[in-house]
file upload-v3.cif (mmCIF, C-alpha atoms (C1' of nucleotides))
data_model
loop_
_atom_site.label_atom_id
_atom_site.label_comp_id
_atom_site.auth_asym_id
_atom_site.auth_seq_id
_atom_site.Cartn_x
_atom_site.Cartn_y
_atom_site.Cartn_z
CA MET W 1 -3.75 -26.33 90.28
CA ASP W 2 -4.53 -28.53 87.33
CA ASP W 3 -3.63 -28.34 83.69
CA LEU W 4 -6.10 -25.58 82.99
CA ASP W 5 -4.64 -23.43 85.75
CA ARG W 6 -1.16 -23.99 84.42
CA THR W 7 -2.18 -23.20 80.88
CA LEU W 8 -3.94 -20.07 82.06
CA LEU W 9 -0.89 -18.83 83.91
CA ALA W 10 1.30 -19.48 80.91
CA LEU W 11 -1.15 -17.78 78.60
CA PHE W 12 -1.53 -14.67 80.71
CA THR W 13 2.22 -14.46 81.19
CA ASP W 14 2.77 -14.61 77.46
CA GLU W 15 -0.10 -12.32 76.54
CA PRO W 16 -1.21 -10.29 79.53
CA ARG W 17 -3.55 -8.23 77.40
CA ILE W 18 -5.58 -11.18 76.24
CA GLY W 19 -8.32 -10.74 78.82
CA VAL W 20 -10.74 -13.19 80.32
CA LEU W 21 -12.89 -13.53 77.25
CA GLY W 22 -9.91 -13.92 74.96
CA ALA W 23 -8.44 -16.60 77.15
CA SER W 24 -11.69 -18.51 77.28
CA ARG W 25 -11.87 -18.48 73.51
CA ARG W 26 -8.25 -19.47 73.12
CA LEU W 27 -8.54 -22.40 75.48
CA GLY W 28 -12.01 -23.44 74.47
CA VAL W 29 -13.59 -23.19 77.89
CA ALA W 30 -16.43 -21.09 79.19
CA ARG W 31 -15.69 -17.56 80.23
CA GLY W 32 -17.03 -18.17 83.70
CA THR W 33 -14.54 -20.96 84.14
CA VAL W 34 -11.60 -18.73 83.32
CA GLN W 35 -12.92 -16.08 85.63
CA ALA W 36 -13.42 -18.58 88.46
CA ARG W 37 -9.94 -20.04 87.98
CA LEU W 38 -8.27 -16.66 88.05
CA ASP W 39 -10.25 -15.68 91.12
CA ARG W 40 -9.16 -18.87 92.84
CA LEU W 41 -5.53 -18.42 91.84
CA GLU W 42 -5.61 -14.98 93.37
CA ALA W 43 -7.44 -16.17 96.46
CA THR W 44 -4.92 -18.94 97.09
CA GLY W 45 -2.06 -16.51 96.67
CA VAL W 46 -0.57 -18.05 93.56
CA ILE W 47 -1.18 -14.82 91.68
CA THR W 48 0.02 -12.00 93.89
CA GLY W 49 -0.64 -9.12 91.57
CA TRP W 50 -1.18 -7.75 88.10
CA GLY W 51 0.80 -4.58 88.47
CA PRO W 52 3.23 -3.25 85.89
CA GLU W 53 6.71 -4.72 86.04
CA LEU W 54 9.28 -1.97 86.18
CA SER W 55 12.81 -2.06 84.86
CA PRO W 56 15.36 -0.44 87.19
CA GLU W 57 17.66 -0.25 84.21
CA ALA W 58 15.22 1.81 82.19
CA LEU W 59 14.67 4.00 85.22
CA GLY W 60 18.32 4.92 85.12
CA TYR W 61 19.71 2.35 87.55
CA PRO W 62 21.71 -0.06 85.40
CA VAL W 63 24.06 -1.30 88.13
CA THR W 64 22.99 -4.16 90.36
CA ALA W 65 24.88 -5.40 93.40
CA PHE W 66 24.31 -7.89 96.15
CA LEU W 67 25.28 -6.94 99.66
CA THR W 68 25.85 -9.36 102.50
CA LEU W 69 25.51 -7.50 105.75
CA GLU W 70 26.65 -8.31 109.25
CA ILE W 71 24.73 -6.60 111.98
CA SER W 72 25.59 -5.87 115.59
CA GLN W 73 24.64 -8.47 118.12
CA ASP W 74 22.44 -6.11 120.04
CA ALA W 75 20.57 -4.91 116.97
CA GLY W 76 17.63 -7.06 115.90
CA HIS W 77 17.06 -7.90 112.28
CA THR W 78 13.85 -6.00 111.99
CA PRO W 79 14.91 -2.45 112.84
CA VAL W 80 17.83 -2.77 110.47
CA ALA W 81 15.59 -4.13 107.74
CA ASP W 82 13.15 -1.30 108.31
CA ALA W 83 15.94 1.19 107.90
CA LEU W 84 17.06 -0.56 104.73
CA ALA W 85 13.52 -0.37 103.42
CA GLY W 86 13.84 3.39 103.66
CA ILE W 87 16.55 3.43 101.02
CA PRO W 88 14.96 3.42 97.56
CA GLU W 89 17.94 1.73 95.95
CA VAL W 90 17.48 -1.28 98.20
CA LEU W 91 15.17 -3.48 96.18
CA GLU W 92 15.06 -6.59 98.32
CA VAL W 93 16.22 -7.78 101.75
CA HIS W 94 16.34 -11.25 103.23
CA THR W 95 17.75 -12.73 106.39
CA ILE W 96 20.13 -15.54 105.59
CA THR W 97 22.09 -18.41 107.00
CA GLY W 98 25.85 -18.53 106.88
CA THR W 99 28.46 -15.89 107.45
CA GLY W 100 26.24 -12.84 107.05
CA ASP W 101 22.99 -11.84 108.64
CA LEU W 102 21.21 -9.99 105.89
CA TRP W 103 21.34 -10.18 102.15
CA CYS W 104 20.14 -7.38 99.97
CA ARG W 105 19.88 -6.40 96.36
CA VAL W 106 20.69 -2.82 95.54
CA VAL W 107 20.87 -0.84 92.34
CA SER W 108 22.62 2.37 91.44
CA ARG W 109 23.00 4.84 88.62
CA SER W 110 26.63 3.94 87.96
CA ASN W 111 29.59 2.19 89.45
CA ALA W 112 30.56 5.40 91.16
CA ASP W 113 27.06 5.88 92.40
CA LEU W 114 27.15 2.42 93.92
CA GLN W 115 29.62 3.77 96.43
CA ARG W 116 27.04 6.29 97.58
CA VAL W 117 24.42 3.60 98.02
CA ILE W 118 26.78 1.31 99.91
CA ASP W 119 27.85 4.17 102.16
CA GLN W 120 24.23 4.86 102.85
CA VAL W 121 23.64 1.22 103.77
CA VAL W 122 26.66 0.71 105.97
CA GLY W 123 25.99 4.07 107.57
CA LEU W 124 22.78 2.76 109.07
CA PRO W 125 22.89 2.07 112.80
CA GLY W 126 23.32 -1.58 113.63
CA ILE W 127 25.27 -2.52 110.53
CA ARG W 128 28.76 -3.67 111.22
CA ARG W 129 30.23 -4.98 108.01
CA SER W 130 29.21 -5.45 104.42
CA ALA W 131 30.52 -7.49 101.55
CA THR W 132 29.64 -6.42 98.04
CA VAL W 133 29.26 -8.54 94.97
CA MET W 134 28.40 -6.85 91.72
CA ALA W 135 26.13 -8.42 89.17
CA LEU W 136 27.73 -8.21 85.76
CA ALA W 137 25.13 -9.69 83.46
CA THR W 138 21.77 -11.31 83.77
CA GLN W 139 22.02 -14.82 82.38
CA VAL W 140 18.54 -15.88 83.38
CA PRO W 141 16.07 -13.13 84.22
CA TYR W 142 13.74 -13.71 87.14
CA ARG W 143 10.99 -16.09 86.22
CA VAL W 144 8.54 -18.35 87.98
CA LEU W 145 6.66 -19.90 85.11
CA PRO W 146 8.92 -22.96 84.69
CA LEU W 147 7.98 -23.84 88.22
CA VAL W 148 4.34 -23.90 87.23
CA ARG W 149 5.04 -26.15 84.29
CA ALA W 150 7.24 -28.37 86.43
CA GLY W 151 4.40 -29.05 88.82
CA VAL W 152 2.49 -31.10 86.29
CA SER W 153 2.45 -34.23 88.36
CA ALA W 154 3.59 -32.73 91.62
CA GLY W 155 1.89 -31.40 94.70
CA LEU W 156 -0.83 -28.82 94.92
CA ALA W 157 -0.74 -25.29 96.11
CA ARG W 158 -3.01 -26.03 99.05
CA PRO W 159 -0.97 -27.05 102.06
CA MET G 1 9.54 10.66 83.31
CA ASP G 2 7.80 13.52 85.05
CA ASP G 3 5.48 13.69 88.00
CA LEU G 4 2.53 12.39 86.03
CA ASP G 5 4.48 9.33 84.93
CA ARG G 6 5.54 8.66 88.48
CA THR G 7 2.04 9.04 89.82
CA LEU G 8 0.73 6.76 87.12
CA LEU G 9 3.20 4.03 87.96
CA ALA G 10 2.38 4.29 91.63
CA LEU G 11 -1.32 4.25 90.93
CA PHE G 12 -1.21 1.22 88.67
CA THR G 13 1.03 -0.60 91.11
CA ASP G 14 -1.41 0.01 93.93
CA GLU G 15 -4.54 -0.67 91.90
CA PRO G 16 -3.70 -2.60 88.76
CA ARG G 17 -7.35 -3.08 87.94
CA ILE G 18 -8.12 0.61 87.76
CA GLY G 19 -7.81 0.85 84.00
CA VAL G 20 -6.95 3.75 81.75
CA LEU G 21 -10.24 5.54 82.20
CA GLY G 22 -10.23 5.11 85.95
CA ALA G 23 -6.70 6.45 86.20
CA SER G 24 -7.55 9.48 84.08
CA ARG G 25 -10.47 10.25 86.36
CA ARG G 26 -8.44 9.71 89.49
CA LEU G 27 -5.65 11.98 88.38
CA GLY G 28 -7.80 14.54 86.67
CA VAL G 29 -6.20 14.29 83.27
CA ALA G 30 -7.59 13.33 79.90
CA ARG G 31 -7.85 9.68 79.03
CA GLY G 32 -5.73 10.11 75.95
CA THR G 33 -2.94 11.49 78.08
CA VAL G 34 -2.90 8.45 80.34
CA GLN G 35 -2.96 6.20 77.32
CA ALA G 36 -0.10 8.07 75.69
CA ARG G 37 1.97 8.04 78.88
CA LEU G 38 1.52 4.33 79.39
CA ASP G 39 2.39 3.67 75.78
CA ARG G 40 5.53 5.72 76.14
CA LEU G 41 6.52 4.02 79.39
CA GLU G 42 6.22 0.68 77.65
CA ALA G 43 8.05 1.88 74.58
CA THR G 44 10.97 3.19 76.62
CA GLY G 45 11.17 -0.07 78.52
CA VAL G 46 10.26 1.31 81.93
CA ILE G 47 7.24 -0.95 82.01
CA THR G 48 8.37 -4.38 80.92
CA GLY G 49 5.11 -6.23 81.31
CA TRP G 50 1.70 -6.58 82.83
CA GLY G 51 1.75 -10.28 83.46
CA PRO G 52 0.57 -11.94 86.65
CA GLU G 53 3.11 -12.07 89.46
CA LEU G 54 3.42 -15.59 90.76
CA SER G 55 4.34 -16.68 94.26
CA PRO G 56 6.75 -19.63 94.38
CA GLU G 57 5.64 -20.13 97.95
CA ALA G 58 2.00 -20.56 97.01
CA LEU G 59 3.09 -22.91 94.24
CA GLY G 60 4.56 -25.20 96.84
CA TYR G 61 8.15 -23.96 96.85
CA PRO G 62 8.57 -22.19 100.19
CA VAL G 63 12.34 -22.60 100.46
CA THR G 64 14.62 -20.06 98.82
CA ALA G 65 18.38 -20.32 98.57
CA PHE G 66 21.16 -18.42 96.89
CA LEU G 67 23.90 -20.36 95.21
CA THR G 68 27.30 -19.00 94.35
CA LEU G 69 28.81 -21.17 91.66
CA GLU G 70 32.34 -21.61 90.47
CA ILE G 71 32.71 -22.90 86.97
CA SER G 72 35.56 -24.63 85.21
CA GLN G 73 38.03 -22.45 83.40
CA ASP G 74 37.35 -24.06 80.09
CA ALA G 75 33.59 -23.73 80.38
CA GLY G 76 32.09 -20.44 79.24
CA HIS G 77 29.46 -18.72 81.28
CA THR G 78 26.79 -19.04 78.68
CA PRO G 79 26.54 -22.81 78.23
CA VAL G 80 26.40 -23.24 81.98
CA ALA G 81 23.75 -20.57 82.29
CA ASP G 82 21.76 -22.21 79.54
CA ALA G 83 21.89 -25.48 81.41
CA LEU G 84 20.81 -23.74 84.58
CA ALA G 85 17.90 -22.22 82.72
CA GLY G 86 16.72 -25.74 82.06
CA ILE G 87 16.14 -26.35 85.75
CA PRO G 88 12.73 -25.00 86.75
CA GLU G 89 13.75 -24.39 90.34
CA VAL G 90 16.42 -21.96 89.17
CA LEU G 91 14.59 -18.65 89.14
CA GLU G 92 17.40 -16.27 88.34
CA VAL G 93 21.06 -16.35 87.27
CA HIS G 94 23.66 -13.61 87.11
CA THR G 95 27.35 -13.48 86.48
CA ILE G 96 29.13 -11.79 89.33
CA THR G 97 32.38 -10.30 90.48
CA GLY G 98 34.31 -11.68 93.40
CA THR G 99 35.03 -15.20 94.48
CA GLY G 100 32.35 -16.97 92.46
CA ASP G 101 31.43 -16.85 88.81
CA LEU G 102 27.68 -17.24 88.85
CA TRP G 103 25.03 -16.37 91.35
CA CYS G 104 21.61 -17.94 91.26
CA ARG G 105 18.38 -18.00 93.15
CA VAL G 106 16.75 -21.36 93.56
CA VAL G 107 13.63 -22.54 95.34
CA SER G 108 12.58 -25.95 96.57
CA ARG G 109 9.65 -27.74 98.14
CA SER G 110 11.42 -28.29 101.46
CA ASN G 111 14.80 -28.22 103.06
CA ALA G 112 15.28 -31.83 102.09
CA ASP G 113 14.18 -31.06 98.56
CA LEU G 114 16.77 -28.32 98.37
CA GLN G 115 19.40 -31.03 98.38
CA ARG G 116 17.89 -32.46 95.23
CA VAL G 117 17.95 -29.08 93.52
CA ILE G 118 21.52 -28.38 94.54
CA ASP G 119 22.60 -31.80 93.35
CA GLN G 120 20.95 -31.08 90.06
CA VAL G 121 22.80 -27.80 89.76
CA VAL G 122 26.24 -29.01 90.75
CA GLY G 123 25.73 -32.06 88.55
CA LEU G 124 25.71 -29.87 85.47
CA PRO G 125 28.84 -30.06 83.34
CA GLY G 126 31.17 -27.13 83.87
CA ILE G 127 30.25 -26.47 87.48
CA ARG G 128 33.07 -27.00 89.90
CA ARG G 129 31.96 -25.78 93.28
CA SER G 130 28.93 -24.24 94.86
CA ALA G 131 28.28 -22.37 98.07
CA THR G 132 24.76 -22.27 99.40
CA VAL G 133 23.12 -19.60 101.48
CA MET G 134 19.55 -20.12 102.54
CA ALA G 135 17.08 -17.29 102.78
CA LEU G 136 15.27 -17.46 106.09
CA ALA G 137 12.80 -14.63 105.88
CA THR G 138 11.93 -11.87 103.47
CA GLN G 139 12.44 -8.57 105.24
CA VAL G 140 11.80 -6.41 102.22
CA PRO G 141 10.03 -8.02 99.29
CA TYR G 142 11.22 -7.15 95.82
CA ARG G 143 10.03 -3.71 94.81
CA VAL G 144 10.99 -1.05 92.33
CA LEU G 145 8.49 1.67 93.05
CA PRO G 146 10.59 3.57 95.62
CA LEU G 147 13.11 4.04 92.86
CA VAL G 148 10.48 5.75 90.78
CA ARG G 149 9.55 8.08 93.61
CA ALA G 150 13.21 8.72 94.35
CA GLY G 151 13.77 10.00 90.85
CA VAL G 152 11.65 13.12 91.45
CA SER G 153 14.47 15.51 90.74
CA ALA G 154 16.90 13.06 89.22
CA GLY G 155 17.75 11.91 85.73
CA LEU G 156 15.39 10.77 83.03
CA ALA G 157 14.79 7.39 81.59
CA ARG G 158 15.94 8.44 78.14
CA PRO G 159 19.64 7.77 77.67
"C1'" DC F 1 -28.31 -47.20 94.96
"C1'" DG F 2 -29.78 -42.41 95.61
"C1'" DA F 3 -28.83 -37.70 97.11
"C1'" DC F 4 -25.86 -34.06 97.25
"C1'" DA F 5 -22.18 -30.83 96.39
"C1'" DC F 6 -19.29 -29.03 93.04
"C1'" DG F 7 -17.61 -27.33 88.88
"C1'" DC F 8 -18.31 -26.41 84.01
"C1'" DT F 9 -21.29 -24.87 80.21
"C1'" DG F 10 -23.87 -21.69 77.40
"C1'" DG F 11 -26.57 -17.91 77.50
"C1'" DA F 12 -28.29 -13.49 78.72
"C1'" DC F 13 -28.18 -8.55 80.29
"C1'" DA F 14 -26.75 -3.83 81.39
"C1'" DA F 15 -22.92 -1.16 82.23
"C1'" DC F 16 -18.65 -0.12 81.25
"C1'" DC F 17 -14.23 0.39 78.93
"C1'" DT F 18 -11.15 0.49 74.98
"C1'" DG F 19 -9.23 1.91 70.61
"C1'" DC F 20 -9.50 5.42 67.58
"C1'" DT F 21 -10.37 9.84 65.66
"C1'" DC F 22 -10.80 14.84 65.57
"C1'" DA F 23 -10.66 19.84 66.36
"C1'" DG F 24 -9.22 23.20 69.56
"C1'" DT F 25 -5.98 25.07 73.16
"C1'" DC F 26 -1.66 26.01 75.32
"C1'" DG F 27 3.34 26.59 76.23
"C1'" DA F 28 8.09 26.21 74.72
"C1'" DG F 29 11.46 26.89 71.46
"C1'" DA F 30 13.29 28.48 66.91
"C1'" DT J 1 5.79 35.55 65.43
"C1'" DC J 2 5.45 30.85 63.78
"C1'" DT J 3 5.72 25.98 64.49
"C1'" DC J 4 5.79 21.91 66.95
"C1'" DG J 5 4.46 18.89 70.43
"C1'" DA J 6 1.45 17.72 74.06
"C1'" DC J 7 -2.93 17.96 76.40
"C1'" DT J 8 -7.96 18.43 76.40
"C1'" DG J 9 -12.69 17.24 75.67
"C1'" DA J 10 -15.65 15.00 72.84
"C1'" DG J 11 -17.66 11.37 70.12
"C1'" DC J 12 -18.35 6.75 68.19
"C1'" DA J 13 -18.53 1.70 67.33
"C1'" DG J 14 -17.23 -2.38 69.12
"C1'" DG J 15 -15.80 -5.33 72.48
"C1'" DT J 16 -15.39 -6.68 77.35
"C1'" DT J 17 -16.62 -7.12 82.11
"C1'" DG J 18 -19.42 -8.27 86.09
"C1'" DT J 19 -23.13 -10.78 87.27
"C1'" DC J 20 -26.84 -13.49 87.01
"C1'" DC J 21 -29.26 -18.07 85.69
"C1'" DA J 22 -30.60 -23.03 84.56
"C1'" DG J 23 -28.86 -27.30 83.07
"C1'" DC J 24 -25.67 -31.07 83.18
"C1'" DG J 25 -22.02 -34.37 84.30
"C1'" DT J 26 -19.00 -36.28 87.87
"C1'" DG J 27 -17.41 -37.72 92.19
"C1'" DT J 28 -18.37 -38.42 97.10
"C1'" DC J 29 -20.91 -40.00 100.92
"C1'" DG J 30 -24.62 -42.01 103.44
#

call {"tool": "encode", "arguments": {"input": "upload-v3.cif", "output": "structure tokens"}}
result
Amino acid sequence: MDDLDRTLLALFTDEPRIGVLGASRRLGVARGTVQARLDRLEATGVITGWGPELSPEALGYPVTAFLTLEISQDAGHTPVADALAGIPEVLEVHTITGTGDLWCRVVSRSNADLQRVIDQVVGLPGIRRSATVMALATQVPYRVLPLVRAGVSAGLARP
Amino acid sequence: MDDLDRTLLALFTDEPRIGVLGASRRLGVARGTVQARLDRLEATGVITGWGPELSPEALGYPVTAFLTLEISQDAGHTPVADALAGIPEVLEVHTITGTGDLWCRVVSRSNADLQRVIDQVVGLPGIRRSATVMALATQVPYRVLPLVRAGVSAGLARP
DNA sequence: CGACACGCTGGACAACCTGCTCAGTCGAGA
DNA sequence: TCTCGACTGAGCAGGTTGTCCAGCGTGTCG
């Protein structure tokens, strides 16, 4: 993870269509080098994919909410998480510290529709309580790139 | 957003490297059709990008936490959010309903390092209080595709 | 000091893909 | 019935990818 890697990541984030050859020309390095770097970044897990990024909003799900779930003592995290994974509107689930047990991000077609999604979630076996927080606006959209730039003089990706 | 669109999105999510021609062969449609569909999906905002997906973990930031921030009455949301955007470890910021004013996702190099990040956040002008919840494990990684599949008989992307 | 491993360079090649165009076909709607 | 939009199948030039190779400079290690 040196400067070239960082520049490559920034470049491909800005212009995903640039391609290996284009990047090599832009950065003034050999094509093989770019190819090797990208291969290594994928091999080390820094780049996890090249798939299309989808907008839930454009798909008709403009409402985002965060649910903090409390689960029954006798229910493990995993079966509940598996059940949550079966709900399409559940985009993300983490176990957390603090008052709740699970945190999840859900989306819905409207405020009214959010009720349906929440009902679906709390209706799952093993879920005891849920607290809902709605996201009103996105001030900073999800991003990772600043982290890459921040690592200029910091540690490597290899543990 | 018909069946072909949905299949295309699923296909390119599973195999991003397949390319337009490969997808057309796989699905048994003309290449021009695939190209037109992808163009339309990008134009309507369903596909927001093709950039590389980066793993904070592989970049050396394995710790994820969610901060709920309370800001001073006299401070607007925006200047605070702008300041937050200046911190690389802040990956995402939303305004929310409920007890807090802002919600953000942060990452850090270690549990100890999380303290540094939190200090940096709460040190920003306009931030009064913060509550931290740490993410322990990712039960369901962020995904949007199920939403696409769920929309089989539901509304369109066009408003 | 010398040998070695490693990464980068510049080049080459065939195979492939993309962007673009065009005429023809088909179904839905006016 | 006519028209429009979308899909098909085809073709073309140009660029790109995947994959080699030899050469070279640097840093490490014996």

call {"tool": "resolve_selection", "arguments": {"input": "upload-v3.cif", "expression": "the PyMOL selection byres ((chain G) within 8 of (chain W))", "output": "PyMOL selection string"}}
result
chain G and resi 9+12-17+44-60+78+81-82+85+88-89+91-98+133-148+150+155-158

call {"tool": "interface_residues", "arguments": {"input": "upload-v3.cif", "of": "chain J", "to": "chain W", "cutoff": "10 Å", "atoms": "only C-alpha atoms (C1' of nucleotides)", "output": "compact mmCIF listing (two decimals) with C-alpha atoms (C1' of nucleotides), in the coordinates of the input"}}
result
# COMPACT_ATOMS: atom_id res chain seq x y z
C1' DG J 15 -15.80 -5.33 72.48
C1' DT J 16 -15.39 -6.68 77.35
C1' DT J 17 -16.62 -7.12 82.11

call {"tool": "closest_atom_pairs", "arguments": {"input": "upload-v3.cif", "of": "region 2-60 of chain G", "to": "region 10-14 of chain J", "cutoff": "12 Å", "atoms": "all atoms listed in the file", "output": "CSV"}}
result
residue,atom,partner,partner_atom,distance
G:Ala30,CA,J:DA10,C1',10.8
G:Arg31,CA,J:DA10,C1',11.3
G:Gly32,CA,J:DA10,C1',11.5

call {"tool": "resolve_selection", "arguments": {"input": "upload-v3.cif", "expression": "the PyMOL selection byres ((chain J and resi 18-26) around 9)", "output": "PyMOL selection string"}}
result
(chain F and resi 6+8-9+11-13+15) or (chain J and resi 17+27)

call {"tool": "interface_residues", "arguments": {"input": "upload-v3.cif", "of": "chain F", "to": "chain G", "cutoff": "12 Å", "atoms": "only C-alpha atoms (C1' of nucleotides)", "output": "JSON, numbers by chain"}}
result
{"F": [16, 17, 18, 19, 20, 21]}

call {"tool": "write_last_selection", "arguments": {"input": "upload-v3.cif", "atoms": "C-alpha atoms (C1' of nucleotides)", "output": "mmCIF file, in the frame of the given file"}}
result
data_model
loop_
_atom_site.group_PDB
_atom_site.id
_atom_site.type_symbol
_atom_site.label_atom_id
_atom_site.label_comp_id
_atom_site.auth_asym_id
_atom_site.auth_seq_id
_atom_site.Cartn_x
_atom_site.Cartn_y
_atom_site.Cartn_z
ATOM 1 C "C1'" DC F 16 -18.650 -0.120 81.250
ATOM 2 C "C1'" DC F 17 -14.230 0.390 78.930
ATOM 3 C "C1'" DT F 18 -11.150 0.490 74.980
ATOM 4 C "C1'" DG F 19 -9.230 1.910 70.610
ATOM 5 C "C1'" DC F 20 -9.500 5.420 67.580
ATOM 6 C "C1'" DT F 21 -10.370 9.840 65.660
#
